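*Asks:* work05.tsv is reproduced in full below (TSV, C-alpha atoms and all ligand atoms).
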```tsv
chain	number	residue	atom	x	y	z
W	4	MET	CA	90.44	80.14	81.80
W	5	THR	CA	89.76	82.85	79.21
W	6	PRO	CA	92.09	85.80	79.74
W	7	VAL	CA	90.49	89.11	80.68
W	8	ILE	CA	92.82	90.89	78.27
W	9	GLU	CA	94.33	89.27	75.21
W	10	ILE	CA	96.45	91.28	72.81
W	11	SER	CA	98.09	89.80	69.76
W	12	GLY	CA	100.46	91.49	67.32
W	13	LEU	CA	99.35	95.01	68.28
W	14	ARG	CA	100.89	97.76	66.16
W	15	LYS	CA	100.56	101.50	66.61
W	16	THR	CA	102.58	103.84	64.44
W	17	TYR	CA	102.88	107.59	64.85
W	18	ARG	CA	103.92	109.83	62.00
W	19	SER	CA	106.00	112.92	62.75
W	20	LEU	CA	105.34	116.33	61.16
W	21	PHE	CA	108.09	115.49	58.67
W	22	GLY	CA	106.40	112.22	57.65
W	23	LYS	CA	108.80	109.93	59.52
W	24	THR	CA	107.10	106.89	61.08
W	25	HIS	CA	107.70	105.73	64.63
W	26	HIS	CA	106.51	102.35	65.89
W	27	ALA	CA	105.24	103.10	69.41
W	28	VAL	CA	103.86	99.55	69.69
W	29	ASP	CA	105.45	97.02	67.39
W	30	GLY	CA	103.75	93.61	67.34
W	31	LEU	CA	102.91	93.40	71.04
W	32	ASP	CA	101.44	90.21	72.54
W	33	MET	CA	100.01	90.30	76.02
W	34	SER	CA	97.66	88.24	78.14
W	35	VAL	CA	96.15	89.03	81.54
W	36	GLU	CA	94.39	86.29	83.48
W	37	PRO	CA	91.32	86.94	85.68
W	38	ASN	CA	91.63	88.16	89.28
W	39	GLN	CA	95.32	88.93	89.00
W	40	VAL	CA	97.17	92.11	89.70
W	41	HIS	CA	99.23	92.32	86.52
W	42	GLY	CA	102.18	94.70	86.20
W	43	PHE	CA	102.98	96.29	82.86
W	44	LEU	CA	106.61	97.34	82.83
W	45	GLY	CA	109.00	98.90	80.39
W	46	PRO	CA	111.42	101.78	79.96
W	47	ASN	CA	110.21	105.30	79.20
W	48	GLY	CA	108.73	105.47	75.73
W	49	SER	CA	108.43	101.68	75.35
W	50	GLY	CA	104.72	101.87	74.51
W	51	LYS	CA	102.88	101.15	77.78
W	52	THR	CA	100.53	104.14	77.76
W	53	THR	CA	99.91	103.75	74.04
W	54	THR	CA	98.91	100.12	74.62
W	55	LEU	CA	96.54	101.05	77.47
W	56	ARG	CA	95.03	103.86	75.40
W	57	SER	CA	94.58	101.45	72.49
W	58	LEU	CA	92.76	98.95	74.71
W	59	LEU	CA	90.35	101.66	75.80
W	60	GLY	CA	89.71	102.82	72.24
W	61	LEU	CA	91.37	106.19	72.88
W	62	VAL	CA	93.73	105.79	69.91
W	63	SER	CA	93.33	103.89	66.67
W	64	VAL	CA	95.82	101.14	65.85
W	65	GLN	CA	97.33	99.91	62.61
W	66	GLY	CA	97.37	96.17	63.27
W	67	GLY	CA	96.83	93.26	65.62
W	68	THR	CA	93.88	92.13	67.69
W	69	MET	CA	92.68	93.02	71.19
W	70	ARG	CA	90.06	91.24	73.26
W	71	VAL	CA	88.71	92.37	76.63
W	72	PHE	CA	86.41	89.96	78.48
W	73	ASP	CA	86.52	87.89	75.30
W	74	ARG	CA	85.02	90.66	73.19
W	75	PRO	CA	87.00	92.21	70.35
W	76	VAL	CA	87.88	95.86	70.89
W	77	PRO	CA	87.39	98.46	69.64
W	78	ASP	CA	84.53	96.75	67.69
W	79	ARG	CA	82.55	95.83	70.83
W	80	LEU	CA	83.95	98.50	73.11
W	81	ALA	CA	80.47	99.65	74.14
W	82	GLU	CA	79.86	96.27	75.84
W	83	VAL	CA	83.23	96.40	77.56
W	84	VAL	CA	83.18	99.97	78.88
W	85	PRO	CA	80.69	99.32	81.71
W	86	LEU	CA	83.04	96.62	83.04
W	87	VAL	CA	86.21	98.71	82.99
W	88	GLY	CA	87.49	101.49	85.25
W	89	ALA	CA	90.63	103.26	84.11
W	90	VAL	CA	93.02	106.06	84.96
W	91	VAL	CA	95.37	106.45	82.01
W	92	GLU	CA	95.17	110.14	81.27
W	93	ALA	CA	96.29	112.89	83.66
W	94	PRO	CA	93.07	113.29	85.66
W	95	ARG	CA	91.17	116.54	85.13
W	96	PHE	CA	88.60	117.80	87.62
W	97	PHE	CA	86.40	120.83	88.21
W	98	GLU	CA	88.63	122.48	90.78
W	99	LYS	CA	85.74	124.25	92.54
W	100	PHE	CA	83.81	121.05	93.23
W	101	SER	CA	84.43	119.07	96.38
W	102	ALA	CA	85.65	115.49	96.15
W	103	PHE	CA	82.20	114.36	97.27
W	104	THR	CA	80.35	116.36	94.62
W	105	THR	CA	82.78	115.16	91.95
W	106	LEU	CA	82.06	111.55	92.80
W	107	GLN	CA	78.34	112.07	93.42
W	108	LEU	CA	77.85	113.50	89.92
W	109	LEU	CA	79.63	110.51	88.44
W	110	ALA	CA	77.71	108.05	90.63
W	111	THR	CA	74.39	109.55	89.52
W	112	SER	CA	75.40	109.35	85.87
W	113	VAL	CA	76.14	105.61	86.14
W	114	GLY	CA	73.15	104.83	88.38
W	115	MET	CA	75.07	104.20	91.61
W	116	PRO	CA	73.68	105.24	95.03
W	117	THR	CA	75.30	107.86	97.29
W	118	GLN	CA	76.43	105.05	99.56
W	119	ARG	CA	78.87	104.01	96.82
W	120	VAL	CA	80.48	107.50	96.96
W	121	HIS	CA	81.17	107.02	100.69
W	122	GLU	CA	82.59	103.56	100.01
W	123	VAL	CA	85.07	104.66	97.37
W	124	LEU	CA	86.12	107.71	99.40
W	125	GLU	CA	86.90	105.33	102.23
W	126	GLN	CA	88.72	102.88	99.94
W	127	VAL	CA	91.11	105.54	98.64
W	128	GLY	CA	91.53	107.24	102.02
W	129	LEU	CA	89.80	110.51	101.18
W	130	THR	CA	86.84	110.38	103.59
W	131	HIS	CA	88.34	113.13	105.71
W	132	TYR	CA	88.73	115.36	102.63
W	133	ALA	CA	85.32	114.63	101.10
W	134	ASN	CA	84.14	118.22	101.41
W	135	PHE	CA	87.40	119.90	100.47
W	136	ARG	CA	87.65	121.59	97.09
W	137	VAL	CA	89.52	119.48	94.55
W	138	GLY	CA	91.49	122.62	93.64
W	139	SER	CA	93.17	122.43	97.05
W	140	PHE	CA	94.24	118.79	96.55
W	141	SER	CA	97.86	117.68	96.19
W	142	LEU	CA	98.94	115.54	93.22
W	143	GLY	CA	98.65	112.40	95.35
W	144	MET	CA	95.15	113.33	96.54
W	145	LYS	CA	94.06	113.96	92.95
W	146	GLN	CA	95.49	110.57	92.04
W	147	ARG	CA	93.41	108.95	94.81
W	148	LEU	CA	90.31	110.80	93.61
W	149	ALA	CA	90.91	109.59	90.05
W	150	VAL	CA	91.10	106.01	91.33
W	151	ALA	CA	87.90	106.59	93.33
W	152	GLN	CA	86.21	107.72	90.11
W	153	ALA	CA	87.42	104.59	88.32
W	154	LEU	CA	86.02	102.42	91.13
W	155	ILE	CA	82.54	103.99	91.34
W	156	LYS	CA	80.85	101.56	88.96
W	157	ARG	CA	82.49	98.48	90.59
W	158	PRO	CA	84.56	97.62	87.52
W	159	ARG	CA	85.65	94.04	86.90
W	160	LEU	CA	88.80	95.32	85.22
W	161	LEU	CA	90.75	98.24	86.63
W	162	ILE	CA	93.48	99.78	84.46
W	163	LEU	CA	95.84	102.24	86.14
W	164	ASP	CA	98.79	104.01	84.52
W	165	GLU	CA	101.39	104.70	87.24
W	166	PRO	CA	98.99	104.54	90.23
W	167	ALA	CA	101.77	105.34	92.72
W	168	ASN	CA	102.37	108.68	91.01
W	169	GLY	CA	102.47	111.44	93.62
W	170	LEU	CA	101.55	109.16	96.52
W	171	ASP	CA	103.48	109.27	99.79
W	172	PRO	CA	104.68	105.97	101.34
W	173	ALA	CA	101.47	105.58	103.36
W	174	GLY	CA	99.44	106.27	100.23
W	175	ILE	CA	101.42	103.66	98.26
W	176	HIS	CA	100.83	101.11	100.99
W	177	GLN	CA	97.12	101.89	101.06
W	178	MET	CA	96.88	101.66	97.25
W	179	ARG	CA	98.65	98.29	97.33
W	180	THR	CA	96.26	96.95	99.95
W	181	LEU	CA	93.28	98.24	97.98
W	182	LEU	CA	94.40	96.72	94.67
W	183	ARG	CA	95.26	93.37	96.25
W	184	THR	CA	91.88	93.27	98.03
W	185	LEU	CA	90.03	94.08	94.81
W	186	ALA	CA	91.77	91.20	93.03
W	187	LYS	CA	91.44	88.73	95.89
W	188	ASP	CA	87.99	89.45	97.27
W	189	PHE	CA	86.08	91.46	94.69
W	190	ASP	CA	86.52	89.50	91.47
W	191	THR	CA	88.47	92.34	89.90
W	192	THR	CA	91.41	92.10	87.53
W	193	VAL	CA	93.92	94.90	87.91
W	194	LEU	CA	96.39	96.03	85.26
W	195	VAL	CA	98.95	98.59	86.42
W	196	SER	CA	101.86	100.17	84.63
W	197	SER	CA	104.62	101.22	86.96
W	198	HIS	CA	108.28	102.15	87.20
W	199	VAL	CA	108.42	101.48	90.94
W	200	LEU	CA	109.75	97.94	90.72
W	201	SER	CA	109.98	97.27	94.44
W	202	GLU	CA	106.29	98.10	94.57
W	203	VAL	CA	105.47	95.90	91.57
W	204	GLN	CA	107.34	93.02	93.23
W	205	GLN	CA	105.10	93.31	96.30
W	206	LEU	CA	101.89	94.12	94.47
W	207	CYS	CA	101.72	92.04	91.32
W	208	ASP	CA	101.05	88.35	90.70
W	209	THR	CA	102.15	88.48	87.08
W	210	VAL	CA	103.94	90.92	84.81
W	211	THR	CA	104.53	91.75	81.18
W	212	ILE	CA	107.80	93.53	80.43
W	213	ILE	CA	108.08	95.38	77.14
W	214	SER	CA	110.82	97.19	75.31
W	215	HIS	CA	110.54	99.12	72.03
W	216	GLY	CA	106.85	98.23	71.77
W	217	ARG	CA	107.40	94.45	72.01
W	218	ARG	CA	107.03	91.94	74.81
W	219	ILE	CA	110.37	90.74	76.05
W	220	GLN	CA	109.16	88.77	79.06
W	221	ALA	CA	105.94	87.66	80.72
W	222	GLY	CA	104.95	85.39	83.54
W	223	SER	CA	104.44	85.22	87.26
W	224	VAL	CA	106.68	87.44	89.35
W	225	LYS	CA	107.75	84.35	91.29
W	226	ASP	CA	108.73	82.36	88.17
W	227	LEU	CA	110.52	85.35	86.70
W	228	MET	CA	112.60	85.83	89.80
W	229	SER	CA	113.45	82.16	90.20
W	230	ALA	CA	114.31	81.84	86.49
W	231	ALA	CA	116.74	84.70	86.94
W	232	ALA	CA	117.85	83.67	90.41
W	233	SER	CA	121.52	84.01	90.89
W	234	ASN	CA	123.55	80.79	90.90
W	235	GLU	CA	125.89	82.52	93.30
W	236	LEU	CA	126.08	80.97	96.77
W	237	SER	CA	127.36	82.65	99.86
W	238	VAL	CA	129.16	80.14	102.13
W	239	SER	CA	130.49	80.64	105.67
W	240	VAL	CA	133.27	78.50	107.15
W	241	ALA	CA	135.65	79.07	110.07
W	242	PRO	CA	138.31	81.69	109.12
W	243	GLU	CA	141.19	79.20	109.50
W	244	GLU	CA	139.53	76.85	107.00
W	245	ILE	CA	138.94	79.34	104.21
W	246	THR	CA	142.10	78.49	102.24
W	247	ALA	CA	141.45	74.76	102.42
W	248	ALA	CA	137.81	75.31	101.42
W	249	LEU	CA	138.83	77.37	98.38
W	250	GLU	CA	141.23	74.61	97.28
W	251	ALA	CA	138.62	71.92	97.75
W	252	LEU	CA	136.05	73.79	95.68
W	253	HIS	CA	138.48	74.90	92.96
W	254	ALA	CA	139.49	71.29	92.38
W	255	HIS	CA	136.20	70.85	90.49
W	256	GLU	CA	135.92	72.07	86.92
W	257	GLY	CA	133.45	74.89	86.34
W	258	VAL	CA	133.25	75.90	89.99
W	259	VAL	CA	134.63	79.30	90.91
W	260	ALA	CA	135.09	80.26	94.54
W	261	ALA	CA	136.35	83.53	95.92
W	262	HIS	CA	136.95	84.92	99.35
W	263	VAL	CA	135.00	88.13	99.88
W	264	ASP	CA	134.65	89.89	103.24
W	265	GLY	CA	135.18	86.76	105.33
W	266	GLN	CA	132.71	84.76	103.21
W	267	LEU	CA	133.18	82.42	100.29
W	268	THR	CA	131.18	83.19	97.18
W	269	VAL	CA	130.74	80.13	95.01
W	270	THR	CA	129.45	80.11	91.44
W	271	GLY	CA	128.93	77.19	89.11
W	272	ALA	CA	128.21	74.61	91.84
W	273	PRO	CA	125.60	72.03	90.71
W	274	ASP	CA	123.51	72.77	93.82
W	275	PRO	CA	123.96	73.91	97.44
W	276	SER	CA	124.09	70.35	98.79
W	277	TRP	CA	127.06	69.66	96.48
W	278	VAL	CA	128.99	72.43	98.29
W	279	THR	CA	128.10	71.00	101.70
W	280	LYS	CA	129.19	67.50	100.68
W	281	THR	CA	132.39	68.57	98.91
W	282	LEU	CA	133.56	70.53	101.95
W	283	ALA	CA	132.51	67.79	104.39
W	284	ASP	CA	134.60	65.32	102.35
W	285	HIS	CA	137.57	67.54	103.33
W	286	ASP	CA	136.44	67.69	106.97
W	287	ILE	CA	135.31	71.28	106.56
W	288	TYR	CA	131.87	71.98	108.04
W	289	LEU	CA	130.09	75.10	106.97
W	290	SER	CA	128.27	77.39	109.35
W	291	GLY	CA	126.05	79.04	106.76
W	292	LEU	CA	124.95	78.77	103.14
W	293	SER	CA	122.55	80.97	101.23
W	294	ARG	CA	121.70	81.76	97.65
W	295	ARG	CA	122.21	85.40	96.81
W	296	SER	CA	118.73	86.84	96.50
W	297	ILE	CA	117.68	88.73	93.39
W	298	ASN	CA	114.97	91.34	93.19
W	299	LEU	CA	112.63	92.34	90.38
W	300	GLU	CA	114.65	95.47	89.69
W	301	GLU	CA	117.75	93.39	88.88
W	302	VAL	CA	115.69	91.07	86.65
W	303	TYR	CA	114.14	94.05	84.87
W	304	LEU	CA	117.44	95.85	84.35
W	305	LYS	CA	119.05	92.71	82.95
W	306	LEU	CA	116.15	92.07	80.59
W	307	THR	CA	115.76	95.61	79.31
W	308	ALA	CA	119.54	95.93	78.83
W	309	GLN	CA	119.70	92.65	76.87
W	310	GLY	CA	116.55	93.35	74.90
W	311	GLY	CA	114.89	90.21	76.18
W	312	LEU	CA	115.08	86.59	77.19
W	313	GLU	CA	112.63	83.79	76.67
W	314	ASP	CA	109.08	83.92	77.87
W	315	VAL	CA	108.82	82.12	81.19
W	316	HIS	CA	105.52	80.43	80.40
W	317	GLU	CA	105.23	80.41	76.68
W	318	GLY	CA	108.59	79.24	75.51
W	319	GLY	CA	109.96	82.48	74.12
W	320	GLN	CA	108.21	83.55	71.02
W	321	GLU	CA	110.11	86.79	70.55
K	1	LIG	N1	100.50	111.36	70.38
K	1	LIG	C1	101.74	110.94	70.05
K	1	LIG	N2	102.33	111.42	68.92
K	1	LIG	C2	103.55	110.99	68.55
K	1	LIG	N3	104.29	110.11	69.23
K	1	LIG	C3	103.76	109.61	70.36
K	1	LIG	C4	102.46	110.00	70.82
K	1	LIG	N4	102.18	109.34	71.98
K	1	LIG	C5	103.27	108.56	72.23
K	1	LIG	N5	104.20	108.73	71.26
K	1	LIG	C6	105.49	108.05	71.18
K	1	LIG	O1	105.27	106.65	71.28
K	1	LIG	C7	106.29	106.04	72.07
K	1	LIG	C8	105.64	105.28	73.21
K	1	LIG	O2	105.10	106.23	74.11
K	1	LIG	P1	104.29	105.78	75.42
K	1	LIG	O3	103.79	107.03	76.06
K	1	LIG	O4	103.30	104.76	75.05
K	1	LIG	O5	105.45	105.12	76.29
K	1	LIG	P2	105.43	104.68	77.82
K	1	LIG	O6	106.01	103.31	77.84
K	1	LIG	O7	104.08	104.86	78.38
K	1	LIG	O8	106.45	105.71	78.43
K	1	LIG	P3	106.56	106.31	79.95
K	1	LIG	O9	107.06	105.20	80.80
K	1	LIG	O10	107.56	107.40	79.79
K	1	LIG	O11	105.20	106.80	80.32
K	1	LIG	C9	107.22	107.16	72.52
K	1	LIG	O12	108.33	107.19	71.66
K	1	LIG	C10	106.38	108.40	72.36
K	1	LIG	O13	107.18	109.52	72.06
```
For the file at hand, write its structure as structure tokens.

*Replies:*
Amino acid sequence: MTPVIEISGLRKTYRSLFGKTHHAVDGLDMSVEPNQVHGFLGPNGSGKTTTLRSLLGLVSVQGGTMRVFDRPVPDRLAEVVPLVGAVVEAPRFFEKFSAFTTLQLLATSVGMPTQRVHEVLEQVGLTHYANFRVGSFSLGMKQRLAVAQALIKRPRLLILDEPANGLDPAGIHQMRTLLRTLAKDFDTTVLVSSHVLSEVQQLCDTVTIISHGRRIQAGSVKDLMSAAASNELSVSVAPEEITAALEALHAHEGVVAAHVDGQLTVTGAPDPSWVTKTLADHDIYLSGLSRRSINLEEVYLKLTAQGGLEDVHEGGQE
């Protein structure tokens, strides 16, 4: 399937007032498949916003290629723009207009009926505030309104920079439901940058993680987590059998077992069934065994601290 977004070797350099160059994006590769919610992650200053702005033709780049819906951008940006809704800049509104008027003006300009204004107000949870002045809106409400604007023309690609910004927990939940529904039921591909990794873990199908303007990891959230899954097992046996269990496990080279808080933690075992069998061979029967779970935050922190591992799907080209 042709990716919705395909970026190869993207480079964007800024020059300081003193003539020093800074590589904001430094040979970035990135691919986003259709109908996915794709997370774009990286530390502060790693080049996420610059990449999104480059895709939308808001900044010029020094190298690399970008394709959106299989059209090269910025060369054929005019064909791509009608298909893309985006919130990458801090949204600016006429503070005296109501939310409804703000959206109605936009709807008229892109040939959408008033009914569409009601739909997007509903989708972002602002129906109740439709006639309130935007100037009275909180940060989170303005964020919702910006997303409503991006949705007006029924985009096939939605690009959001930090969509959870300013939203309360209910707002974050609602945004997650909306983005998942768009991807699942409305033939929309969603690209979101975010620092809220617990949210990304729940929301996204796939992610690209960057550092210093380069991709350090990409793939499905599931594959990423299982590739990084801890090989540490937590094993429960009767308290009087702990010492014997430790001895039995330690007898095998490469296996390390420790007694922590009434549980055995075992690392280096070939697999969980090996632990069960080894202990059973010593007449020790375990009452519980689990693999320590790992979350996306741990994976991300490991990757960004190390500066990168291999690409889950593409064999590690960095
Ligand atoms: N207009 C600009 N002029 C000079 N340097 C810039 C400009 N815009 C961005 N940069 C620099 O480029 C680098 C990447 O910035 P960018 O905003 O793309 O990072 P980011 O990953 O979006 O960060 P954050 O997570 O903090 O939003 C940073 O070092 C930033 O200072």

*Asks:* For ligand LIG 1 (chain K), which residue out of W:Leu161, W:Ile212, W:Cys207, W:Leu108 is the nearest one, using all atoms listed in the file?

*Replies:*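 The shortest atom-to-atom distance to ligand LIG 1 (chain K) comes from W:Ile212.
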
*Asks:* Please measure the separation of atom CA of Leu206 of chain W and atom CA of Ser233 of chain W, giving the value in Å to one decimal.

*Replies:*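 Result for atom CA of Leu206 of chain W versus atom CA of Ser233 of chain W: 22.4 Å, one decimal.
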
*Asks:* Which neighbours of Pro94 of chain W fall inside 10 Å, counting only C-alpha atoms, when residues of the same chain fewer than 4 positions from it are skipped, and could you give them as a list in words?

*Replies:* Val90, Leu142, Lys145, Gln146, Leu148, Ala149, Val150 and Gln152 of chain W

*Asks:* Please identify the residues whose atoms come within 8 Å of ligand LIG 1 (chain K), using only C-alpha atoms and all ligand atoms, and report them as a list in words.

*Replies:*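 Residues lying within 8 Å of ligand LIG 1 (chain K): Thr16, Tyr17, Arg18, Ser19, His25, His26, Ala27, Val28, Leu44, Gly45, Pro46, Asn47, Gly48, Ser49, Gly50, Lys51, Thr52, Thr53, Thr54, Ser197, His198, His215 and Gly216 of chain W.
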
*Asks:* Nearest residue to Gln220 of chain W out of W:Gly128, W:Gly174, W:Pro275, W:Gly42, using all atoms listed in the file?

*Replies:*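 Answer, going by the shortest atom-to-atom distance: W:Gly42.
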
*Asks:* Using all atoms listed in the file, which of W:Val123, W:Leu129, W:Phe135, W:Leu59 sits nearest Ser101 of chain W?

*Replies:*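 Of W:Val123, W:Leu129, W:Phe135, W:Leu59, the one nearest Ser101 of chain W is W:Phe135, counting all atoms listed in the file.
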
*Asks:* Interatomic distance between atom CA of Lys225 of chain W and atom CA of His41 of chain W?

*Replies:*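 That distance, rounded to one decimal, is 12.6 Å.
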
*Asks:* To one decimal place in Å, what is the distance between atom CA of Gln177 of chain W and atom CA of Gly143 of chain W?

*Replies:* 12.1 Å

*Asks:* Quick one: residues within 10 Å of Ser141 of chain W, only C-alpha atoms counted, chain neighbours fewer than 5 positions away excluded, as a list in words?

*Replies:*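 Residues meeting the cut-off are Gln146, Arg147, Gly169 and Leu170 of chain W.
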
*Asks:* From the options W:Leu80, W:Ala248, W:Ala272, W:Leu292, which residue's atoms come nearest to Leu61 of chain W, counting only C-alpha atoms?

*Replies:*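 Distance minimum relative to Leu61 of chain W lands on W:Leu80.
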
*Asks:* I'd like the neighbourhood of His255 of chain W as a PyMOL selection string, where a residue qualifies if any of its atoms comes within 12 Å (using only C-alpha atoms), though same-chain residues fewer than 3 positions away should be ignored.

*Replies:* chain W and resi 248-252+258-260+269-273+277-278+281-282

*Asks:* Between W:Asp188, W:Glu300, W:Glu125, W:Glu98, which residue has the minimum interatomic distance to Phe140 of chain W, considering only C-alpha atoms?

*Replies:*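 Among W:Asp188, W:Glu300, W:Glu125, W:Glu98, it is W:Glu98 that comes nearest to Phe140 of chain W.
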
*Asks:* Can you tell me which residues surround segment 301-303 of chain W at a distance of at most 12 Å, considering all atoms listed in the file, apart from same-chain residues fewer than 5 positions away, and format the answer as a VMD selection string?

*Replies:* chain W and resid 43 to 46 198 to 201 203 to 204 210 to 214 219 to 221 224 to 233 296 308 to 312

*Asks:* Excluding same-chain residues fewer than 5 positions from Ile8 of chain W, what lies within 6 Å of it counting only C-alpha atoms, as a ChimeraX atom specification?

*Replies:* /W:34-35,70-71

*Asks:* Find, counting only C-alpha atoms, the residue in W:Val40, W:Asn168, W:Ala89, W:Val195 that gets nearest to Gly60 of chain W.

*Replies:*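 Ranking W:Val40, W:Asn168, W:Ala89, W:Val195 by distance to Gly60 of chain W, first place goes to W:Ala89.
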
*Asks:* The residues within 12 Å of (92.4, 79.1, 78.0), using all atoms listed in the file and the coordinates of the file, should be reported as a list in words; which are they?

*Replies:*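 Answer for this query, in the requested form: Met4, Thr5, Pro6, Val7, Ile8, Glu9, Ser34, Val35, Glu36, Pro37 and Asp73 of chain W.
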
*Asks:* Where atoms are absent from segment 261-276 of chain W, fill them in so it carries N, CA and C atoms, then output it as a PDB file, in the coordinates of the input.

*Replies:*
```pdb
ATOM      1  N   ALA W 261     135.516  82.378  95.561  1.00  0.00           N
ATOM      2  CA  ALA W 261     136.350  83.530  95.920  1.00  0.00           C
ATOM      3  C   ALA W 261     136.105  83.857  97.373  1.00  0.00           C
ATOM      4  N   HIS W 262     137.050  84.550  97.948  1.00  0.00           N
ATOM      5  CA  HIS W 262     136.950  84.920  99.350  1.00  0.00           C
ATOM      6  C   HIS W 262     136.618  86.410  99.414  1.00  0.00           C
ATOM      7  N   VAL W 263     135.412  86.728  99.837  1.00  0.00           N
ATOM      8  CA  VAL W 263     135.000  88.130  99.880  1.00  0.00           C
ATOM      9  C   VAL W 263     134.460  88.456 101.277  1.00  0.00           C
ATOM     10  N   ASP W 264     135.106  89.420 101.922  1.00  0.00           N
ATOM     11  CA  ASP W 264     134.650  89.890 103.240  1.00  0.00           C
ATOM     12  C   ASP W 264     134.392  88.744 104.231  1.00  0.00           C
ATOM     13  N   GLY W 265     135.321  87.831 104.344  1.00  0.00           N
ATOM     14  CA  GLY W 265     135.180  86.760 105.330  1.00  0.00           C
ATOM     15  C   GLY W 265     134.225  85.655 104.907  1.00  0.00           C
ATOM     16  N   GLN W 266     133.652  85.775 103.710  1.00  0.00           N
ATOM     17  CA  GLN W 266     132.710  84.760 103.210  1.00  0.00           C
ATOM     18  C   GLN W 266     133.265  84.174 101.918  1.00  0.00           C
ATOM     19  N   LEU W 267     132.845  82.971 101.603  1.00  0.00           N
ATOM     20  CA  LEU W 267     133.180  82.420 100.290  1.00  0.00           C
ATOM     21  C   LEU W 267     131.990  82.669  99.366  1.00  0.00           C
ATOM     22  N   THR W 268     132.267  83.147  98.171  1.00  0.00           N
ATOM     23  CA  THR W 268     131.180  83.190  97.180  1.00  0.00           C
ATOM     24  C   THR W 268     131.508  82.122  96.146  1.00  0.00           C
ATOM     25  N   VAL W 269     130.521  81.291  95.875  1.00  0.00           N
ATOM     26  CA  VAL W 269     130.740  80.130  95.010  1.00  0.00           C
ATOM     27  C   VAL W 269     129.779  80.210  93.825  1.00  0.00           C
ATOM     28  N   THR W 270     130.328  80.165  92.625  1.00  0.00           N
ATOM     29  CA  THR W 270     129.450  80.110  91.440  1.00  0.00           C
ATOM     30  C   THR W 270     129.754  78.844  90.657  1.00  0.00           C
ATOM     31  N   GLY W 271     128.740  78.362  89.970  1.00  0.00           N
ATOM     32  CA  GLY W 271     128.930  77.190  89.110  1.00  0.00           C
ATOM     33  C   GLY W 271     128.774  75.865  89.830  1.00  0.00           C
ATOM     34  N   ALA W 272     128.421  75.879  91.124  1.00  0.00           N
ATOM     35  CA  ALA W 272     128.210  74.610  91.840  1.00  0.00           C
ATOM     36  C   ALA W 272     126.903  73.984  91.360  1.00  0.00           C
ATOM     37  N   PRO W 273     126.844  72.653  91.195  1.00  0.00           N
ATOM     38  CA  PRO W 273     125.600  72.030  90.710  1.00  0.00           C
ATOM     39  C   PRO W 273     124.397  72.378  91.596  1.00  0.00           C
ATOM     40  N   ASP W 274     124.569  72.348  92.894  1.00  0.00           N
ATOM     41  CA  ASP W 274     123.510  72.770  93.820  1.00  0.00           C
ATOM     42  C   ASP W 274     124.126  72.983  95.200  1.00  0.00           C
ATOM     43  N   PRO W 275     123.374  73.607  96.128  1.00  0.00           N
ATOM     44  CA  PRO W 275     123.960  73.910  97.440  1.00  0.00           C
ATOM     45  C   PRO W 275     124.431  72.658  98.187  1.00  0.00           C
ATOM     46  N   SER W 276     123.683  71.536  98.035  1.00  0.00           N
ATOM     47  CA  SER W 276     124.090  70.350  98.790  1.00  0.00           C
ATOM     48  C   SER W 276     125.442  69.823  98.309  1.00  0.00           C
TER      49      SER W 276
END
```
